[in-house]
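**Q** Dropping in target-v4.txt, which is compact mmCIF, C-alpha atoms:
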```txt
# COMPACT_ATOMS: atom_id res chain seq x y z
CA MET A 1092 19.51 42.03 -41.25
CA ALA A 1093 17.32 39.09 -40.22
CA ASN A 1094 20.44 37.09 -39.40
CA GLU A 1095 21.64 39.79 -36.96
CA GLU A 1096 18.22 39.88 -35.30
CA MET A 1097 18.31 36.11 -34.89
CA LYS A 1098 21.80 36.26 -33.37
CA ASP A 1099 20.68 38.95 -30.92
CA MET A 1100 17.58 36.99 -29.97
CA LEU A 1101 19.57 33.79 -29.42
CA GLY A 1102 22.22 35.68 -27.42
CA SER A 1103 19.54 37.14 -25.19
CA LEU A 1104 17.95 33.72 -24.81
CA LEU A 1105 21.27 32.18 -23.73
CA GLU A 1106 21.82 34.96 -21.18
CA ASP A 1107 18.33 34.40 -19.76
CA LEU A 1108 18.95 30.65 -19.53
CA ALA A 1109 22.23 31.18 -17.68
CA ALA A 1110 20.54 33.54 -15.20
CA GLN A 1111 17.74 31.03 -14.67
CA GLN A 1112 20.23 28.27 -13.99
CA ARG A 1113 21.92 30.40 -11.31
CA ASP A 1114 18.60 31.30 -9.72
CA MET A 1115 17.30 27.73 -9.80
CA ALA A 1116 19.66 26.51 -7.06
CA THR A 1117 18.45 29.23 -4.70
CA LEU A 1118 14.86 28.55 -5.64
CA GLN A 1119 15.22 24.83 -4.94
CA GLN A 1120 16.72 25.54 -1.51
CA ARG A 1121 13.84 27.86 -0.66
CA LEU A 1122 11.29 25.28 -1.77
CA ALA A 1123 12.97 22.51 0.22
CA ALA A 1124 12.58 24.59 3.37
CA VAL A 1125 8.87 25.31 2.92
CA THR A 1126 6.39 23.80 5.31
CA ALA A 1127 2.75 24.66 5.75
CA SER A 1128 0.28 23.92 8.50
CA ALA A 1129 -3.44 24.06 9.03
CA ASN A 1130 -5.92 23.35 11.79
CA SER A 1131 -9.09 21.34 11.45
CA THR A 1132 -12.47 22.58 12.51
CA ASP A 1133 -12.58 23.14 16.28
CA ASP A 1134 -8.74 22.91 16.32
CA LEU A 1135 -8.87 19.18 17.00
CA VAL A 1136 -5.97 18.42 14.64
CA THR A 1137 -3.04 20.43 13.31
CA ALA A 1138 -1.18 19.08 10.27
CA TRP A 1139 2.16 20.12 8.79
CA VAL A 1140 3.17 19.21 5.24
CA ASN A 1141 6.11 19.84 2.91
CA THR A 1142 5.90 21.36 -0.58
CA GLN A 1143 4.72 18.07 -2.02
CA GLY A 1144 1.84 17.87 0.45
CA ILE A 1145 3.46 14.98 2.32
CA VAL A 1146 2.54 14.99 6.00
CA ILE A 1147 5.56 15.68 8.18
CA ALA A 1148 3.78 16.15 11.52
CA LEU A 1149 0.36 15.82 13.17
CA LYS A 1150 -0.71 17.24 16.50
CA PHE A 1151 -3.95 16.31 18.25
CA HIS A 1152 -5.90 18.27 20.85
CA PRO A 1153 -5.81 16.31 24.14
CA ASP A 1154 -9.58 15.75 23.95
CA ALA A 1155 -9.68 15.24 20.15
CA VAL A 1156 -11.13 11.72 20.24
CA ASP A 1157 -13.93 12.65 22.64
CA ARG A 1158 -14.73 15.98 20.94
CA ALA A 1159 -14.80 14.32 17.50
CA GLY A 1160 -17.20 11.64 18.71
CA GLY A 1161 -14.76 8.73 18.51
CA LEU A 1162 -11.83 7.56 16.45
CA GLU A 1163 -13.89 6.97 13.31
CA ASN A 1164 -15.05 10.59 13.25
CA LEU A 1165 -11.58 11.91 14.06
CA GLY A 1166 -10.42 10.80 10.59
CA ARG A 1167 -12.55 13.51 8.98
CA TYR A 1168 -10.75 16.18 11.02
CA ILE A 1169 -7.34 14.71 10.18
CA ILE A 1170 -8.12 14.73 6.45
CA GLU A 1171 -9.48 18.27 6.66
CA ALA A 1172 -6.30 19.57 8.32
CA ILE A 1173 -3.99 17.73 5.92
CA GLN A 1174 -5.84 18.90 2.81
CA GLN A 1175 -5.85 22.52 3.98
CA ALA A 1176 -2.14 22.35 4.87
CA ALA A 1177 -1.39 20.93 1.39
CA GLN A 1178 -3.33 23.77 -0.23
CA ASN A 1179 -1.39 26.27 1.90
CA ALA A 1180 1.91 24.67 0.81
CA SER A 1181 0.83 24.80 -2.83
CA ALA A 1182 0.06 28.51 -2.49
CA GLN A 1183 3.52 29.11 -1.01
CA VAL A 1184 5.15 27.19 -3.86
CA GLN A 1185 3.27 29.26 -6.43
CA GLU A 1186 4.30 32.48 -4.67
CA ILE A 1187 7.96 31.45 -4.56
CA THR A 1188 8.07 30.25 -8.17
CA ALA A 1189 6.05 33.14 -9.65
CA PRO A 1190 9.08 35.31 -10.51
CA MET A 1191 10.82 32.41 -12.24
CA GLN A 1192 7.62 31.52 -14.12
CA ALA A 1193 7.24 35.14 -15.23
CA ARG A 1194 10.80 35.08 -16.54
CA VAL A 1195 10.16 31.84 -18.45
CA ASP A 1196 6.92 33.23 -19.87
CA GLY A 1197 8.83 36.30 -21.11
CA MET A 1198 11.42 34.29 -23.00
CA PRO A 1199 11.16 33.91 -26.76
CA GLN A 1200 9.30 30.83 -27.86
CA MET A 1201 10.21 28.50 -30.73
CA SER A 1202 7.58 30.15 -32.90
CA ASP A 1203 9.35 33.50 -32.34
CA LEU A 1204 12.60 32.04 -33.62
CA PHE A 1205 11.13 29.83 -36.34
CA PRO A 1206 7.71 31.02 -37.54
CA GLY A 1207 5.26 28.20 -38.09
CA ILE A 1208 6.83 25.81 -35.56
CA PRO A 1209 4.63 25.07 -32.55
CA ASP A 1210 5.93 25.98 -29.09
CA ALA A 1211 6.79 23.27 -26.58
CA LYS A 1212 4.11 24.57 -24.20
CA ASP A 1213 1.49 23.77 -26.85
CA PHE A 1214 2.16 20.07 -26.24
CA ILE A 1215 1.82 20.21 -22.45
CA PRO A 1216 -1.71 19.42 -21.30
CA GLU A 1217 -3.42 21.52 -18.68
CA PRO A 1218 -2.99 19.95 -15.25
CA VAL A 1219 -6.02 18.25 -13.79
CA SER A 1220 -6.83 18.92 -10.16
CA PRO A 1221 -6.83 15.70 -8.18
CA SER A 1222 -10.01 14.65 -6.46
CA LEU A 1223 -10.29 15.12 -2.72
CA ALA A 1224 -13.05 12.53 -2.52
CA PRO A 1225 -12.58 9.38 -0.44
CA PRO A 1226 -11.50 6.16 -2.20
CA ASP A 1227 -15.03 4.72 -2.36
CA ALA A 1228 -16.70 7.89 -3.69
CA PRO A 1229 -18.74 7.49 -6.92
CA GLU A 1230 -16.65 10.13 -8.70
CA ARG A 1231 -13.63 7.81 -8.42
CA ASP A 1232 -15.35 5.00 -10.33
CA ALA A 1233 -13.52 5.00 -13.65
CA THR A 1234 -16.29 3.02 -15.33
CA THR A 1235 -18.75 5.91 -15.01
CA LYS A 1236 -16.48 8.36 -16.84
CA LEU A 1237 -17.06 8.73 -20.55
CA PRO A 1238 -14.51 10.10 -23.00
CA PRO A 1239 -14.95 13.80 -23.78
CA GLU A 1240 -17.31 14.59 -26.62
CA GLY A 1241 -15.58 15.11 -29.89
CA GLU A 1242 -12.98 12.42 -29.26
CA HIS A 1243 -13.97 9.65 -31.61
CA TYR A 1244 -11.65 7.68 -33.82
CA GLU A 1245 -12.64 5.68 -36.88
CA GLU A 1246 -11.09 4.26 -40.00
CA VAL A 1247 -7.51 4.02 -38.86
CA GLU A 1248 -5.27 3.88 -41.90
CA ASP A 1249 -3.22 0.68 -42.18
CA LEU A 1250 0.34 1.73 -43.02
CA SER A 1251 1.83 -1.77 -43.12
CA PRO A 1252 3.23 -2.82 -46.51
CA PRO A 1253 1.05 -5.12 -48.57
CA GLN A 1254 1.87 -8.80 -48.23
CA THR A 1255 2.00 -10.34 -51.68
CA GLY A 1256 3.22 -13.88 -51.25
CA PRO A 1257 3.85 -16.72 -48.82
CA VAL A 1258 7.48 -15.65 -48.22
CA ASP A 1259 6.44 -12.10 -47.30
CA ARG A 1260 4.00 -13.37 -44.69
CA SER A 1261 6.46 -15.74 -43.08
CA TRP A 1262 9.09 -13.13 -42.33
```
Go ahead and express the file in the form of structure tokens.

**A**
Amino acid sequence: MANEEMKDMLGSLLEDLAAQQRDMATLQQRLAAVTASANSTDDLVTAWVNTQGIVIALKFHPDAVDRAGGLENLGRYIIEAIQQAAQNASAQVQEITAPMQARVDGMPQMSDLFPGIPDAKDFIPEPVSPSLAPPDAPERDATTKLPPEGEHYEEVEDLSPPQTGPVDRSW
């Protein structure tokens, strides 16, 4: 009885994987076509990015330099527009990939097939949001970051074989 259930579960899993493979090509084409844009404060700058947040176009208001108070201040508006456009692109990517993610989440996990075995997703760390701070910001100084509490390692066991004589040490 358990063998038949396993066969059915594996058959269903293989069907789901085949459907996902067919849908993936369409999904990739849709993602490749996505662009997002955003305007800075006062519409001084408009930025367009692709799904990876890479800038593909910038447009400046004719009076952008004067209205920003000079070229040095214009950089803030450029960054603002690019970051917002990247967030908009990320939202579009999540919207497009949500059905596929829901399908993956609904598939049987390794622990469903083999009780006691951890699932692959248990080994994937949670993504960390990248900082939007400028390069010289204090939060980017790696020397000020301490390891999380609870992570402390002591007394590492030496698993090397014992060395008993001069010949053992020389090889």

**Q** What lies within 12 Å of range 1217-1224 of chain A using only C-alpha atoms, ignoring chain neighbours under 2 positions off, as a list in words?

**A**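 Neighbouring residues, sequence-local ones excluded: Arg1167, Ile1170, Glu1171, Ile1173, Gln1174, Gln1175, Ala1177, Gln1178, Lys1212, Asp1213, Phe1214, Ile1215, Pro1226, Asp1227, Ala1228, Pro1229, Glu1230, Arg1231 and Asp1232 of chain A.
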
**Q** Those same residues - C-alpha atoms - I'd like them written as a compact mmCIF listing (two decimals), in the coordinates of the input.

**A**
```txt
# COMPACT_ATOMS: atom_id res chain seq x y z
CA ARG A 1167 -12.55 13.51 8.98
CA ILE A 1170 -8.12 14.73 6.45
CA GLU A 1171 -9.48 18.27 6.66
CA ILE A 1173 -3.99 17.73 5.92
CA GLN A 1174 -5.84 18.90 2.81
CA GLN A 1175 -5.85 22.52 3.98
CA ALA A 1177 -1.39 20.93 1.39
CA GLN A 1178 -3.33 23.77 -0.23
CA LYS A 1212 4.11 24.57 -24.20
CA ASP A 1213 1.49 23.77 -26.85
CA PHE A 1214 2.16 20.07 -26.24
CA ILE A 1215 1.82 20.21 -22.45
CA PRO A 1226 -11.50 6.16 -2.20
CA ASP A 1227 -15.03 4.72 -2.36
CA ALA A 1228 -16.70 7.89 -3.69
CA PRO A 1229 -18.74 7.49 -6.92
CA GLU A 1230 -16.65 10.13 -8.70
CA ARG A 1231 -13.63 7.81 -8.42
CA ASP A 1232 -15.35 5.00 -10.33
```

**Q** Quick one: pull the distance between CA of Leu1165 in chain A and CA of Gln1183 in chain A, Å, one decimal.

**A** 27.4 Å

**Q** Near Ala1180 in chain A, within 12 Å and counting all atoms listed in the file, which residues show up once chain neighbours fewer than 6 positions away are dropped, as a list in words?

**A**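 The neighbour list is Leu1122, Ala1123, Ala1124, Val1125, Thr1126, Ala1127, Ser1128, Ala1129, Ala1138, Trp1139, Val1140, Asn1141, Thr1142, Gln1143, Gly1144, Ile1145, Val1146, Ile1173, Gln1174, Glu1186 and Ile1187 of chain A.
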
**Q** Skipping near chain neighbours, those fewer than 5 positions away, what residues fall within 10 Å of His1152 in chain A using all atoms listed in the file, listed as a PyMOL selection string?

**A** chain A and resi 1133-1137+1157-1158

**Q** What is the distance between CA of Asn1130 in chain A and CA of Gln1185 in chain A, in Å to one decimal?

**A**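 Taking CA of Asn1130 in chain A and CA of Gln1185 in chain A, their separation equals 21.2 Å.
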
**Q** For a test of reading the model, state the distance in Å between CA of Asp1107 in chain A and CA of Pro1199 in chain A, rounded to one decimal.

**A**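 Between CA of Asp1107 in chain A and CA of Pro1199 in chain A the gap works out to 10.0 Å.
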
**Q** Please rebuild range 1117-1152 of chain A with N, CA and C atoms and give the result as a JSON list (two decimals), in the frame of the given file.

**A**
```
[["chain", "number", "residue", "atom", "x", "y", "z"],
["A", 1117, "THR", "N", 19.03, 28.50, -5.83],
["A", 1117, "THR", "CA", 18.45, 29.23, -4.70],
["A", 1117, "THR", "C", 16.97, 28.91, -4.55],
["A", 1118, "LEU", "N", 16.29, 28.86, -5.65],
["A", 1118, "LEU", "CA", 14.86, 28.55, -5.64],
["A", 1118, "LEU", "C", 14.61, 27.17, -5.04],
["A", 1119, "GLN", "N", 15.40, 26.19, -5.44],
["A", 1119, "GLN", "CA", 15.22, 24.83, -4.94],
["A", 1119, "GLN", "C", 15.48, 24.76, -3.43],
["A", 1120, "GLN", "N", 16.46, 25.50, -2.95],
["A", 1120, "GLN", "CA", 16.72, 25.54, -1.51],
["A", 1120, "GLN", "C", 15.55, 26.16, -0.76],
["A", 1121, "ARG", "N", 15.01, 27.23, -1.30],
["A", 1121, "ARG", "CA", 13.84, 27.86, -0.66],
["A", 1121, "ARG", "C", 12.66, 26.91, -0.62],
["A", 1122, "LEU", "N", 12.42, 26.20, -1.72],
["A", 1122, "LEU", "CA", 11.29, 25.28, -1.77],
["A", 1122, "LEU", "C", 11.48, 24.11, -0.81],
["A", 1123, "ALA", "N", 12.71, 23.63, -0.68],
["A", 1123, "ALA", "CA", 12.97, 22.51, 0.22],
["A", 1123, "ALA", "C", 12.68, 22.88, 1.68],
["A", 1124, "ALA", "N", 12.79, 24.16, 1.99],
["A", 1124, "ALA", "CA", 12.58, 24.59, 3.37],
["A", 1124, "ALA", "C", 11.12, 24.90, 3.70],
["A", 1125, "VAL", "N", 10.26, 24.94, 2.70],
["A", 1125, "VAL", "CA", 8.87, 25.31, 2.92],
["A", 1125, "VAL", "C", 8.10, 24.23, 3.66],
["A", 1126, "THR", "N", 7.38, 24.65, 4.66],
["A", 1126, "THR", "CA", 6.39, 23.80, 5.31],
["A", 1126, "THR", "C", 5.13, 24.64, 5.46],
["A", 1127, "ALA", "N", 4.02, 23.96, 5.55],
["A", 1127, "ALA", "CA", 2.75, 24.66, 5.75],
["A", 1127, "ALA", "C", 1.95, 23.87, 6.77],
["A", 1128, "SER", "N", 1.12, 24.59, 7.50],
["A", 1128, "SER", "CA", 0.28, 23.92, 8.50],
["A", 1128, "SER", "C", -1.14, 24.43, 8.38],
["A", 1129, "ALA", "N", -2.03, 23.66, 8.98],
["A", 1129, "ALA", "CA", -3.44, 24.06, 9.03],
["A", 1129, "ALA", "C", -4.10, 23.31, 10.18],
["A", 1130, "ASN", "N", -5.13, 23.95, 10.72],
["A", 1130, "ASN", "CA", -5.92, 23.35, 11.79],
["A", 1130, "ASN", "C", -7.25, 22.88, 11.23],
["A", 1131, "SER", "N", -7.76, 21.81, 11.81],
["A", 1131, "SER", "CA", -9.09, 21.34, 11.45],
["A", 1131, "SER", "C", -10.13, 22.19, 12.17],
["A", 1132, "THR", "N", -11.37, 21.94, 11.82],
["A", 1132, "THR", "CA", -12.47, 22.58, 12.51],
["A", 1132, "THR", "C", -12.34, 22.29, 14.00],
["A", 1133, "ASP", "N", -12.65, 23.26, 14.82],
["A", 1133, "ASP", "CA", -12.58, 23.14, 16.28],
["A", 1133, "ASP", "C", -11.16, 22.89, 16.78],
["A", 1134, "ASP", "N", -10.15, 23.08, 15.92],
["A", 1134, "ASP", "CA", -8.74, 22.91, 16.32],
["A", 1134, "ASP", "C", -8.46, 21.55, 16.95],
["A", 1135, "LEU", "N", -9.11, 20.52, 16.46],
["A", 1135, "LEU", "CA", -8.87, 19.18, 17.00],
["A", 1135, "LEU", "C", -7.56, 18.59, 16.49],
["A", 1136, "VAL", "N", -7.18, 18.96, 15.27],
["A", 1136, "VAL", "CA", -5.97, 18.42, 14.64],
["A", 1136, "VAL", "C", -5.23, 19.56, 13.95],
["A", 1137, "THR", "N", -3.91, 19.53, 14.07],
["A", 1137, "THR", "CA", -3.04, 20.43, 13.31],
["A", 1137, "THR", "C", -2.12, 19.54, 12.48],
["A", 1138, "ALA", "N", -2.03, 19.85, 11.18],
["A", 1138, "ALA", "CA", -1.18, 19.08, 10.27],
["A", 1138, "ALA", "C", -0.13, 19.98, 9.66],
["A", 1139, "TRP", "N", 1.08, 19.44, 9.48],
["A", 1139, "TRP", "CA", 2.16, 20.12, 8.79],
["A", 1139, "TRP", "C", 2.54, 19.26, 7.60],
["A", 1140, "VAL", "N", 2.77, 19.90, 6.45],
["A", 1140, "VAL", "CA", 3.17, 19.21, 5.24],
["A", 1140, "VAL", "C", 4.36, 19.92, 4.60],
["A", 1141, "ASN", "N", 5.05, 19.21, 3.69],
["A", 1141, "ASN", "CA", 6.11, 19.84, 2.91],
["A", 1141, "ASN", "C", 5.53, 20.35, 1.59],
["A", 1142, "THR", "N", 6.39, 20.78, 0.69],
["A", 1142, "THR", "CA", 5.90, 21.36, -0.58],
["A", 1142, "THR", "C", 5.19, 20.37, -1.47],
["A", 1143, "GLN", "N", 5.41, 19.09, -1.23],
["A", 1143, "GLN", "CA", 4.72, 18.07, -2.02],
["A", 1143, "GLN", "C", 3.42, 17.62, -1.36],
["A", 1144, "GLY", "N", 3.06, 18.24, -0.25],
["A", 1144, "GLY", "CA", 1.84, 17.87, 0.45],
["A", 1144, "GLY", "C", 1.98, 16.62, 1.29],
["A", 1145, "ILE", "N", 3.21, 16.17, 1.51],
["A", 1145, "ILE", "CA", 3.46, 14.98, 2.32],
["A", 1145, "ILE", "C", 3.44, 15.39, 3.79],
["A", 1146, "VAL", "N", 2.68, 14.67, 4.58],
["A", 1146, "VAL", "CA", 2.54, 14.99, 6.00],
["A", 1146, "VAL", "C", 3.88, 14.77, 6.69],
["A", 1147, "ILE", "N", 4.31, 15.80, 7.43],
["A", 1147, "ILE", "CA", 5.56, 15.68, 8.18],
["A", 1147, "ILE", "C", 5.31, 15.73, 9.68],
["A", 1148, "ALA", "N", 4.12, 16.16, 10.09],
["A", 1148, "ALA", "CA", 3.78, 16.15, 11.52],
["A", 1148, "ALA", "C", 2.27, 16.30, 11.69],
["A", 1149, "LEU", "N", 1.76, 15.69, 12.76],
["A", 1149, "LEU", "CA", 0.36, 15.82, 13.17],
["A", 1149, "LEU", "C", 0.34, 16.08, 14.67],
["A", 1150, "LYS", "N", -0.55, 16.96, 15.07],
["A", 1150, "LYS", "CA", -0.71, 17.24, 16.50],
["A", 1150, "LYS", "C", -2.21, 17.17, 16.80],
["A", 1151, "PHE", "N", -2.55, 16.48, 17.88],
["A", 1151, "PHE", "CA", -3.95, 16.31, 18.25],
["A", 1151, "PHE", "C", -4.25, 17.07, 19.55],
["A", 1152, "HIS", "N", -5.42, 17.66, 19.61],
["A", 1152, "HIS", "CA", -5.90, 18.27, 20.85],
["A", 1152, "HIS", "C", -6.04, 17.13, 21.87]]
```
